[in-house]
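Q: I'm passing along work36.txt; it holds compact mmCIF, C-alpha atoms.
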```
# COMPACT_ATOMS: atom_id res chain seq x y z
CA MET A 1 -6.31 -2.04 0.26
CA ALA A 2 -4.21 -1.34 3.33
CA SER A 3 -6.49 1.62 4.05
CA PHE A 4 -9.55 -0.64 3.85
CA VAL A 5 -8.03 -3.12 6.31
CA ARG A 6 -7.00 -0.28 8.65
CA GLU A 7 -10.50 1.20 8.62
CA ARG A 8 -12.10 -2.23 9.17
CA ALA A 9 -9.81 -2.76 12.16
CA ALA A 10 -10.69 0.69 13.53
CA LEU A 11 -14.40 -0.10 13.25
CA GLU A 12 -13.96 -3.43 15.04
CA GLU A 13 -11.91 -1.80 17.80
CA ALA A 14 -14.50 0.95 18.28
CA TYR A 15 -17.28 -1.65 18.37
CA ALA A 16 -15.32 -3.70 20.93
CA ARG A 17 -15.00 -0.66 23.22
CA SER A 18 -18.72 0.06 22.88
CA LEU A 19 -19.61 -3.54 23.74
CA LEU A 20 -17.38 -3.45 26.80
CA LYS A 21 -18.93 -0.17 27.93
CA LEU A 22 -22.39 -1.66 27.46
CA ALA A 23 -21.43 -4.73 29.47
CA ASN A 24 -20.07 -2.63 32.32
CA THR A 25 -23.03 -0.25 32.51
CA THR A 26 -26.31 -1.76 31.35
CA PHE A 27 -25.66 -5.11 33.01
CA SER A 28 -25.28 -3.54 36.41
CA VAL A 29 -29.06 -3.98 36.56
CA ALA A 30 -28.27 -7.59 37.52
CA ASP A 31 -28.27 -6.32 41.11
CA HIS A 32 -32.06 -6.23 40.85
CA CYS A 33 -32.37 -9.77 39.49
CA ASP A 34 -32.63 -13.01 41.38
CA GLY A 35 -32.63 -16.74 40.82
CA THR A 36 -31.93 -18.16 37.41
CA MET A 37 -32.53 -14.74 35.82
CA GLU A 38 -29.57 -13.31 37.72
CA ALA A 39 -27.35 -16.17 36.55
CA ALA A 40 -28.53 -15.73 32.95
CA TRP A 41 -28.07 -11.97 33.05
CA CYS A 42 -24.54 -12.28 34.44
CA GLY A 43 -23.81 -14.97 31.86
CA MET A 44 -24.92 -12.66 29.04
CA LYS A 45 -22.66 -9.95 30.43
CA LYS A 46 -19.72 -12.35 30.38
CA CYS A 47 -20.54 -13.37 26.79
CA LEU A 48 -20.66 -9.71 25.76
CA GLN A 49 -17.28 -9.10 27.34
CA GLU A 50 -15.92 -12.12 25.50
CA GLU A 51 -17.27 -10.79 22.21
CA SER A 52 -15.59 -7.47 22.93
CA ASP A 53 -12.29 -9.29 23.47
CA LEU A 54 -12.80 -11.29 20.27
CA ARG A 55 -13.40 -8.18 18.20
CA SER A 56 -10.42 -6.39 19.71
CA ALA A 57 -8.19 -9.40 18.95
CA PHE A 58 -9.63 -9.57 15.43
CA ALA A 59 -8.75 -5.90 14.88
CA GLY A 60 -5.22 -6.49 16.15
CA LYS A 61 -4.67 -9.43 13.81
CA LEU A 62 -5.93 -7.41 10.84
CA LEU A 63 -3.33 -4.75 11.57
CA SER A 64 -0.37 -7.01 12.39
CA GLU A 65 -0.92 -9.78 9.81
CA VAL A 66 -2.51 -7.90 6.90
CA GLU A 67 -2.24 -4.09 6.99
CA GLN A 68 1.36 -3.75 8.25
CA PRO A 69 2.81 -6.32 5.78
CA MET A 70 0.94 -4.52 2.98
CA LEU A 71 2.53 -1.20 3.94
CA LYS A 72 5.99 -2.76 4.19
CA PHE A 73 5.61 -4.42 0.79
CA LYS A 74 4.39 -1.15 -0.72
CA ASP A 75 7.38 0.74 0.68
CA THR A 76 9.83 -1.85 -0.67
CA GLN A 77 8.34 -1.74 -4.17
CA LYS A 78 8.15 2.06 -4.08
CA LYS A 79 11.89 2.31 -3.37
CA GLU A 80 12.72 -0.07 -6.23
CA ARG A 81 10.47 1.75 -8.69
CA LYS A 82 11.84 5.10 -7.58
CA MET A 83 15.40 3.90 -8.14
CA PHE A 84 14.71 2.86 -11.74
CA SER A 85 12.63 5.95 -12.43
CA ALA A 86 15.54 8.11 -11.27
CA LEU A 87 17.95 6.07 -13.42
CA LEU A 88 15.81 6.50 -16.55
CA ALA A 89 15.31 10.21 -15.84
CA GLU A 90 19.09 10.66 -15.60
CA ASP A 91 19.57 8.68 -18.84
CA ARG A 92 17.10 10.94 -20.65
CA LYS A 93 18.82 14.01 -19.24
CA GLN A 94 22.24 12.79 -20.40
CA LEU A 95 20.84 11.80 -23.80
CA ALA A 96 19.32 15.25 -24.32
CA SER A 97 22.58 16.89 -23.30
CA LYS A 98 24.62 14.76 -25.69
CA TYR A 99 22.14 15.39 -28.51
CA SER A 100 22.60 19.12 -27.96
CA VAL A 101 26.37 18.67 -28.19
CA VAL A 102 25.96 16.69 -31.42
CA GLN A 103 23.87 19.48 -32.95
CA LYS A 104 26.37 22.15 -31.93
CA THR A 105 29.26 20.06 -33.26
CA ARG A 106 27.47 19.54 -36.59
CA THR A 107 27.04 23.30 -36.87
CA ALA A 108 30.75 23.79 -36.13
CA VAL A 109 31.69 21.20 -38.77
CA ALA A 110 29.49 22.96 -41.33
CA VAL A 111 31.23 26.24 -40.49
CA LYS A 112 34.67 24.64 -40.97
CA HIS A 113 33.58 23.13 -44.28
CA ARG A 114 32.35 26.50 -45.55
CA GLU A 115 35.58 28.11 -44.38
CA LEU A 116 37.59 25.52 -46.31
CA GLU A 117 35.42 25.96 -49.41
CA ASN A 118 35.78 29.75 -49.29
CA LYS A 119 39.53 29.63 -48.88
CA SER A 120 39.83 27.06 -51.66
CA ALA A 121 37.72 29.23 -54.00
CA VAL A 122 39.71 32.38 -53.27
CA SER A 123 43.09 30.67 -53.49
CA ARG A 124 42.28 28.41 -56.44
CA ASP A 125 44.33 30.50 -58.86
CA LEU A 126 47.00 31.49 -56.40
CA GLU A 127 50.18 29.50 -56.17
CA ASP A 128 51.89 31.39 -53.33
CA ASP A 129 52.93 29.49 -50.23
CA LYS A 130 50.80 31.61 -47.89
CA ALA A 131 47.57 30.78 -49.71
CA GLN A 132 48.36 27.08 -49.83
CA SER A 133 49.28 27.13 -46.14
CA GLU A 134 45.91 28.68 -45.30
CA ILE A 135 44.15 25.98 -47.28
CA ARG A 136 46.07 23.24 -45.48
CA LYS A 137 45.20 24.78 -42.09
CA ALA A 138 41.55 25.00 -43.08
CA LYS A 139 41.60 21.34 -44.13
CA ARG A 140 43.13 20.32 -40.80
CA ARG A 141 40.51 22.31 -38.90
CA SER A 142 37.79 20.74 -41.01
CA LEU A 143 39.13 17.23 -40.44
CA SER A 144 39.53 17.92 -36.72
CA ALA A 145 35.92 19.10 -36.55
CA GLU A 146 34.78 15.96 -38.36
CA GLU A 147 36.69 13.79 -35.86
CA GLY A 148 35.09 15.71 -33.03
CA LEU A 149 31.68 15.10 -34.58
CA LYS A 150 32.38 11.39 -34.86
CA ALA A 151 33.39 11.31 -31.18
CA VAL A 152 30.26 13.09 -29.93
CA VAL A 153 28.01 10.97 -32.18
CA THR A 154 29.67 7.83 -30.79
CA SER A 155 29.14 9.13 -27.26
CA TYR A 156 25.48 9.88 -28.06
CA ASN A 157 24.92 6.42 -29.53
CA GLU A 158 26.53 4.77 -26.50
CA MET A 159 24.29 6.82 -24.21
CA GLN A 160 21.24 5.91 -26.27
CA SER A 161 22.18 2.22 -26.10
CA LYS A 162 22.53 2.49 -22.31
CA TRP A 163 19.15 4.20 -22.08
CA VAL A 164 17.52 1.44 -24.13
CA ASP A 165 19.18 -1.26 -22.00
CA ASP A 166 18.11 0.46 -18.79
CA MET A 167 14.59 0.88 -20.17
CA VAL A 168 14.36 -2.82 -20.99
CA GLN A 169 15.68 -3.76 -17.56
CA ALA A 170 13.27 -1.36 -15.86
CA CYS A 171 10.33 -2.76 -17.81
CA GLU A 172 11.30 -6.27 -16.78
CA VAL A 173 11.62 -5.19 -13.14
CA PHE A 174 8.30 -3.31 -13.22
CA GLU A 175 6.57 -6.28 -14.85
CA ALA A 176 7.98 -8.64 -12.23
CA ALA A 177 6.98 -6.18 -9.50
CA GLU A 178 3.38 -6.14 -10.78
CA ASN A 179 3.31 -9.93 -10.72
CA ASP A 180 4.79 -9.98 -7.20
CA LYS A 181 2.22 -7.41 -6.08
CA ALA A 182 -0.66 -9.47 -7.42
CA GLU A 183 0.65 -12.62 -5.75
CA PHE A 184 1.30 -10.79 -2.49
CA LEU A 185 -2.15 -9.18 -2.39
CA LYS A 186 -3.77 -12.51 -3.21
CA ALA A 187 -1.99 -14.05 -0.23
CA LYS A 188 -2.89 -11.16 2.09
CA LEU A 189 -6.54 -11.13 1.03
CA GLY A 190 -6.55 -14.86 1.68
CA LYS A 191 -5.09 -14.14 5.12
CA TYR A 192 -7.84 -11.59 5.72
CA GLU A 193 -10.47 -14.19 4.83
CA GLU A 194 -8.79 -16.75 7.10
CA ILE A 195 -8.72 -14.37 10.08
CA LEU A 196 -12.34 -13.38 9.41
CA ARG A 197 -13.41 -17.01 9.24
CA ILE A 198 -11.70 -17.83 12.56
CA PHE A 199 -13.28 -14.76 14.12
CA ASN A 200 -16.75 -15.72 12.88
CA VAL A 201 -16.36 -19.26 14.25
CA SER A 202 -15.39 -17.79 17.63
CA CYS A 203 -18.41 -15.48 17.52
CA ILE A 204 -20.70 -18.42 16.77
CA LYS A 205 -19.27 -20.29 19.77
CA SER A 206 -19.89 -17.22 21.91
CA CYS A 207 -23.49 -17.08 20.61
CA ASP A 208 -23.94 -20.76 21.42
CA LYS A 209 -22.69 -20.10 24.93
CA MET A 210 -25.16 -17.22 25.29
CA LEU A 211 -27.95 -19.44 24.00
CA GLY A 212 -27.10 -21.99 26.67
CA VAL A 213 -27.24 -19.30 29.32
CA VAL A 214 -30.68 -18.13 28.13
CA GLN A 215 -32.03 -21.66 27.90
CA ALA A 216 -30.97 -22.26 31.51
CA LEU A 217 -33.58 -19.73 32.62
CA ASP A 218 -36.35 -21.39 34.67
CA PRO A 219 -39.35 -19.03 35.05
CA GLN A 220 -41.19 -21.57 37.23
CA GLN A 221 -38.29 -21.85 39.64
CA ASP A 222 -37.89 -18.07 39.79
CA ARG A 223 -41.63 -17.62 40.42
CA GLU A 224 -41.52 -20.10 43.28
CA LYS A 225 -38.52 -18.38 44.79
CA PHE A 226 -40.23 -15.02 44.50
CA ILE A 227 -43.26 -16.39 46.34
CA ARG A 228 -41.08 -17.81 49.10
CA THR A 229 -39.13 -14.61 49.61
CA SER A 230 -41.96 -12.13 49.06
CA ALA A 231 -44.97 -13.90 50.68
CA THR A 232 -46.75 -12.16 53.63
CA GLY A 233 -47.93 -15.36 55.31
CA SER A 234 -50.17 -18.34 54.77
CA LYS A 235 -53.38 -16.79 56.13
CA ARG A 236 -55.85 -15.41 53.63
CA PRO A 237 -57.83 -12.23 54.28
CA THR A 238 -61.42 -12.96 55.54
CA ASP A 239 -64.53 -10.84 55.92
CA LEU A 240 -65.37 -9.47 59.36
CA GLN A 241 -68.26 -11.15 61.22
CA PHE A 242 -70.95 -9.14 63.02
```
Take the structure in the file and give it back as C-alpha cells.

A:
Amino acid sequence: MASFVRERAALEEAYARSLLKLANTTFSVADHCDGTMEAAWCGMKKCLQEESDLRSAFAGKLLSEVEQPMLKFKDTQKKERKMFSALLAEDRKQLASKYSVVQKTRTAVAVKHRELENKSAVSRDLEDDKAQSEIRKAKRRSLSAEEGLKAVVTSYNEMQSKWVDDMVQACEVFEAAENDKAEFLKAKLGKYEEILRIFNVSCIKSCDKMLGVVQALDPQQDREKFIRTSATGSKRPTDLQF
C-alpha cells in the first residue's frame, strides 16, 4: 500500500512539472494576442500554474501524511515480530538440544541397568565381599543415572513449558498486531481519501476560475479593437474615371 501511495505521488509530481513546463512554454504565444483574448490567455496560464502547484502539494501530502507513516508503522511491527520470531526460534533450538540430552541420558541409564543386571546374574551365587561390593557400586551408578535422567527430563519439561508460554504470548501479540495494522491502514486510507477530496475540490475551484476567464472573452470588443488598430483609413477604393 505504501508503494501504491508513493507511485501515485510520483505520478502527480511528474504531471505537475509537465503542467508547469507547458504553462511556461506554450503560453508564451500570448505575446501575439491582444484585447480580451490576451487577458484570457494569460488567465489560463495562471490557472495552469495553480493546478501544477495543487498537484505538487497533493503529492507532498500523500508522502508526508500517508506513505511515510505507513513505512514507520511497518518498521515498528517488523521489529516486534522479528523479536518474537527470534525468541521462538531460540526456544525450539533449546528444546531440541534438551531432547537430545534426554535421549542420550536414557541410553546411559539403560546401559547402567544392564550392567547391574549382568553383575547381579554373575554374582547371584557368590557370597564374597568383592562381588557384593561390585553389585552395590553398580546399583549406585544405576541410581545416579536415573537421577540424572529425572533432572534432564525436568529441564526438558520446563523448557517445553516456556516454549508453549512464549508461543501463546507471541500468538497474542501477532493477533493484536494484525488488528492494529487493519485499524491503522483503515485510518491511513481514510486520510488518503480526505486529501484526495480536498485536492479535487481545489481543482474544481481552479476550473471555475478558468471558466470565468474564458467567459470574459469578448469577440466583438476584440474585433472592434482590431479594426481600430489595423485599419488603413476611412476612404474606400474607387474606380478610375476616364

Q: Let me make sure I understand: among A:Arg55, A:Val101, A:Ala216, A:Phe84, which one has the smallest atom-to-atom distance to A:Glu172 if we use all atoms listed in the file?

A: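 Using all atoms listed in the file, the shortest distance to A:Glu172 belongs to A:Phe84.
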
Q: A:Glu51: which residues within 7 Å, counting only C-alpha atoms, same-chain residues fewer than 4 positions away excluded, as a list in words?

A: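 Counting only C-alpha atoms, the residues come to Cys47, Arg55, Cys203 and Ser206 of chain A.
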
Q: Hey, what's within 12 Å of A:Ala138 if we count only C-alpha atoms and toss same-chain stuff fewer than 3 positions away? As a list in words, please?

A: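 The residues satisfying every condition are Val109, Val111, Lys112, His113, Arg114, Glu115, Leu116, Glu117, Asn118, Lys119, Ser120, Ser123, Ala131, Gln132, Ser133, Glu134, Ile135, Arg141, Ser142, Leu143, Ser144 and Ala145 of chain A.
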
Q: Go through A:Ala23, A:Ala59, A:Ala86, A:Met70 one by one, measure the shortest atom-to-atom distance of each to A:Gly43 using all atoms listed in the file, and give the residue with the smallest value.

A: A:Ala23

Q: State, in Å with one decimal place, the distance from atom CA of A:Val66 to atom CA of A:Asn179.

A: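 Atom CA of A:Asn179 lies 18.7 Å from atom CA of A:Val66.
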
Q: Between atom CA of A:Lys162 and atom CA of A:Val102, what is the distance, to one decimal in Å?

A: 17.2 Å

Q: What does the distance between atom CA of A:Phe58 and atom CA of A:Phe199 come to in Å, to one decimal place?

A: 6.5 Å
